[in-house]
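Asker: This is the structure I want to talk about, given as structure tokens.
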Amino acid sequence: MSNQIVFDNVSKFYGDVLGVNRVILSIPPGITSLVGPNGSGKTTLMNLMTGLIRPSRGHIRIFDMTPDQPERLFRVVGYCSQFDALPKGLSGYQFVYSYLMLFGYDATTCDELTWRAIDLVGLREAAHRKAAAYSKGMRQRIRLAQSLAHNPRVLILDEPLNGLDPLVRAETIALFRSLAKQGCHVLLSSHVLHEVDIISDQVILMSGGYVIAEGNIQAVRSEIQDQPMQILIRCDRPSELASRVFREDHVVEVRVHNDRRGLLIKTSKPDRFYLLMNKIALDGIRIESVAPIDDDVNSVYEYLIGTEEVTR
Amino acid sequence: MKELWWKQVRAVIHLEMNKTFFAKRGLWIYLLALAPVALFLAHTLIEIHSQGVRHQMSQKTSRPLTEQDFSSIHSGMTRDQVVKLLGEPPTSHMGARRVQTGPHSFDQNPFEIMRYSDGRSELIVSLEKGAVSGVSISSGTSLGEDTYIFAGVFQFFFLRLAIFFGCLGIFMNLFRGEMLDKSLHFYLLAPVRREVLLVGKYLAGWLAATVIFTTSVALQLIALLSLYDSNVIATYLYQNHGWSQVIAYLGVTILACIGYGSIFLAAGLLFRNPIVPAVLVLIWEAANPILPALLKKFSMIYYLRSLCPVEIPVDPGMPPLLALLISNTEPISAYIAVFGLLTVSVLILAGSMRRVCRLEINYTTE
């Protein structure tokens, strides 16, 4: 049995409006972040995976299941959607409990799983309050509890960190990490790029309904040939190093760092540059560190999509 | 698998019952169901009051009167003749009526209204210038008459309006209400086949509608029968097909909830505005008597009318269109009616299942 989530040439049109187009993806276990501006197709992709909408073309498989088999699919998939509404008249506990009843579990199991999920999101104190009276952050947490109450192997989360205070945000990120460590697929969308950077094992960059890049962020960065890579080098003699590297044709820019203890270099051929650094190190300049500074999601996002609608 | 489906259906029913029975927006359905109860209760209270008045009058007559005594009074008799036969009236009202005798002249015409009662019926004798000018006997209500009134209210208000609009409110909300609340996706993200979800929701709506409307029928009958002696009630129930009528009314109510429920569940999946299907179905149901034979069979009222236990008598002076609505010109057997209604309902539900399986969640268009 496959442990991948596969999009096979999937397109979705809302009448004449493009949702997503020709999406070909294979998502492995771990934390995968969907990144893109509003309207780029992130939510459409998640709704397609869970059968809330149907593809106009193509096929989706989650392990060996399709989204039109809810009776099988949602035993292994949990989806915390962006829709903020909760069913009327229910407390947080009743909301999670009633969802578990639909699995056919007995009352004791429902109760145990409900409390476990509520504890995971830290809402025990407020569990018996009406969910309608919850704050935005609490509503977000109870919806998260509902989506993970049945121990899913695939957790799909649309903007899961929205409305959470910094402490809960950190706890929630830790929870995602722990789930990913256990072999779960955690697929989340976010606007907050520095968090995506911290959390993700891989990213899917989207724009205008198209997947424009996917995979490990460093690998994605290395494939962006038209943007020279920026590297920060810490060393004891930056001026001497500057004159040395500037002779190379693939080095397009060299700047001495403000603190005069390092160099900022832009190179169009990072592989050749790293070979050069090995030579320089042998020649006696003491290199303390060499680190690329634009292989994070922020930079990749900026190079590929631009800065629209993104919170840094 | 079937055991799981049944568990899931029960879970959906459990969730939906809270929403259906205790929703504030469903209050009007209770009022609609209770309206005929209030009508029959008012009828009973007014009749009890009238009976009390008649009883008091009968106590004040010089001797116990009978209906035979009443029928012996006729126009042209003098006041003395009436008093000789019936005694002094327990209640009488005297006055004078102004009558024009010329272009500018008027005369005073004395009159008297005398009322007698034998405890059940009431005799009203009008006298002018000392002679009887009019006689009327009003004999309270009878259970036989009341069963016709009940049949009329049941067919023309309860069945065609109360249950119809009640089912509209209950069943259209099952899917459409949750789309408007943006909470339907919680059901669609559970490991429940959409067909099972539809069955669960339909049964929840049907249970709610059935409980509300059969309770209303029972209360209407209790309100109506509470007017009569236990002997009269026993005779009606055990000797005059009373029980079979009660069971038939309850059965028709249950079947109406099944039929109209299926229609409005489907309508909730197809229409955003409940007024559109309500008007369309109402017109379709009303037009049933003039529809071609084949199309008639796709109307709930076609089957329900034939199952109603009491046929309403058609007055010869009634306008033809109204008479057409009242009379059932093509009655069908109870078995065919039940089978036909259930078949149409199942067909509509099968169509709804296809629709719900293709349903996409796009709240922004709601």
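Chain labels A, B, ... are given in the sequence in which chains occur in the structure tokens; within each chain residues are numbered consecutively from 1, and ligands are likewise numbered from 1 in the order shown.
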If we count only C-alpha atoms, which residues of chain B reach to within 10 Å of chain A? Please list them as an MDAnalysis selection string.
Answerer: chainID B and resid 3:12 14:15 18:19 22:23 178 181:194 196:197 357:363
Asker: Determine which residues of segment 57-214 of chain A DSSP labels as alpha helix (DSSP H) from the backbone of this structure, then write them out as a ChimeraX atom specification.
Answerer: /A:70-76,92-101,107-120,136-148,166-181,193-199
Asker: Could you name the residues that touch Leu188 of chain A at 8 Å or less, counting only C-alpha atoms, but leaving out those on the same chain fewer than 3 positions away, as JSON, numbers by chain?
Answerer: {"A": [31, 32, 33, 34, 156, 157, 158, 159, 160]}
Asker: Could you tell me how far atom CA of Arg272 of chain A lies from atom CA of Ile212 of chain A, in Å and to one decimal?
Answerer: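 According to the coordinates, atom CA of Arg272 of chain A and atom CA of Ile212 of chain A are separated by 26.6 Å.
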Asker: Do a neighbour search on Leu174 of chain B at 10 Å with only C-alpha atoms, toss out local chain neighbours closer than 5 positions, and write the hits as a PyMOL selection string.
Answerer: chain B and resi 16+19-20+169+179+184+198+201-202+204-205+264-265+268-269
Asker: Could you jot down the atom CA of Leu143 of chain B to atom CA of Thr253 of chain B separation for me, Å, one decimal place?
Answerer: 21.8 Å
Asker: Could you go through segment 44-275 of chain A and tell me which residues DSSP, when run on the backbone, assigns to strand (DSSP E), listing them as an MDAnalysis selection string?
Answerer: chainID A and resid 57:62 77:80 154:158 185:189 202:207 210:215 229:235 251:256 262:267
Asker: Might you pull out every residue within 12 Å of Asp259 of chain A, with only C-alpha atoms counted and same-chain residues fewer than 6 positions away left off, and present them as a ChimeraX atom specification?
Answerer: /A:234-236,238
Asker: Just to confirm, what's the straight-line distance from atom CA of His74 of chain B to atom CA of Thr141 of chain B in Å (one decimal)?
Answerer: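 So the answer is 23.4 Å.
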Asker: Would you kindly return, as a ChimeraX atom specification, each protein, DNA or RNA residue with an atom no farther than 10 Å from any atom of Asp249 of chain A, considering only C-alpha atoms and excluding same-chain residues fewer than 4 positions away?
Answerer: /A:245,267-269
Asker: Residues of the last selection are to be written out with N, CA and C atoms, as a compact mmCIF listing (two decimals), in the first residue's frame.
Answerer:
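Now in selection-v1.txt:
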```txt
# COMPACT_ATOMS: atom_id res chain seq x y z
N VAL A 245 37.91 36.12 -4.22
CA VAL A 245 36.73 35.49 -4.85
C VAL A 245 36.19 36.33 -6.00
N THR A 267 26.58 34.32 -5.82
CA THR A 267 27.21 33.52 -6.87
C THR A 267 26.15 32.80 -7.69
N SER A 268 26.41 32.72 -8.98
CA SER A 268 25.45 32.02 -9.84
C SER A 268 25.77 30.52 -9.91
N LYS A 269 26.94 30.12 -9.39
CA LYS A 269 27.31 28.69 -9.43
C LYS A 269 27.75 28.28 -8.02
```
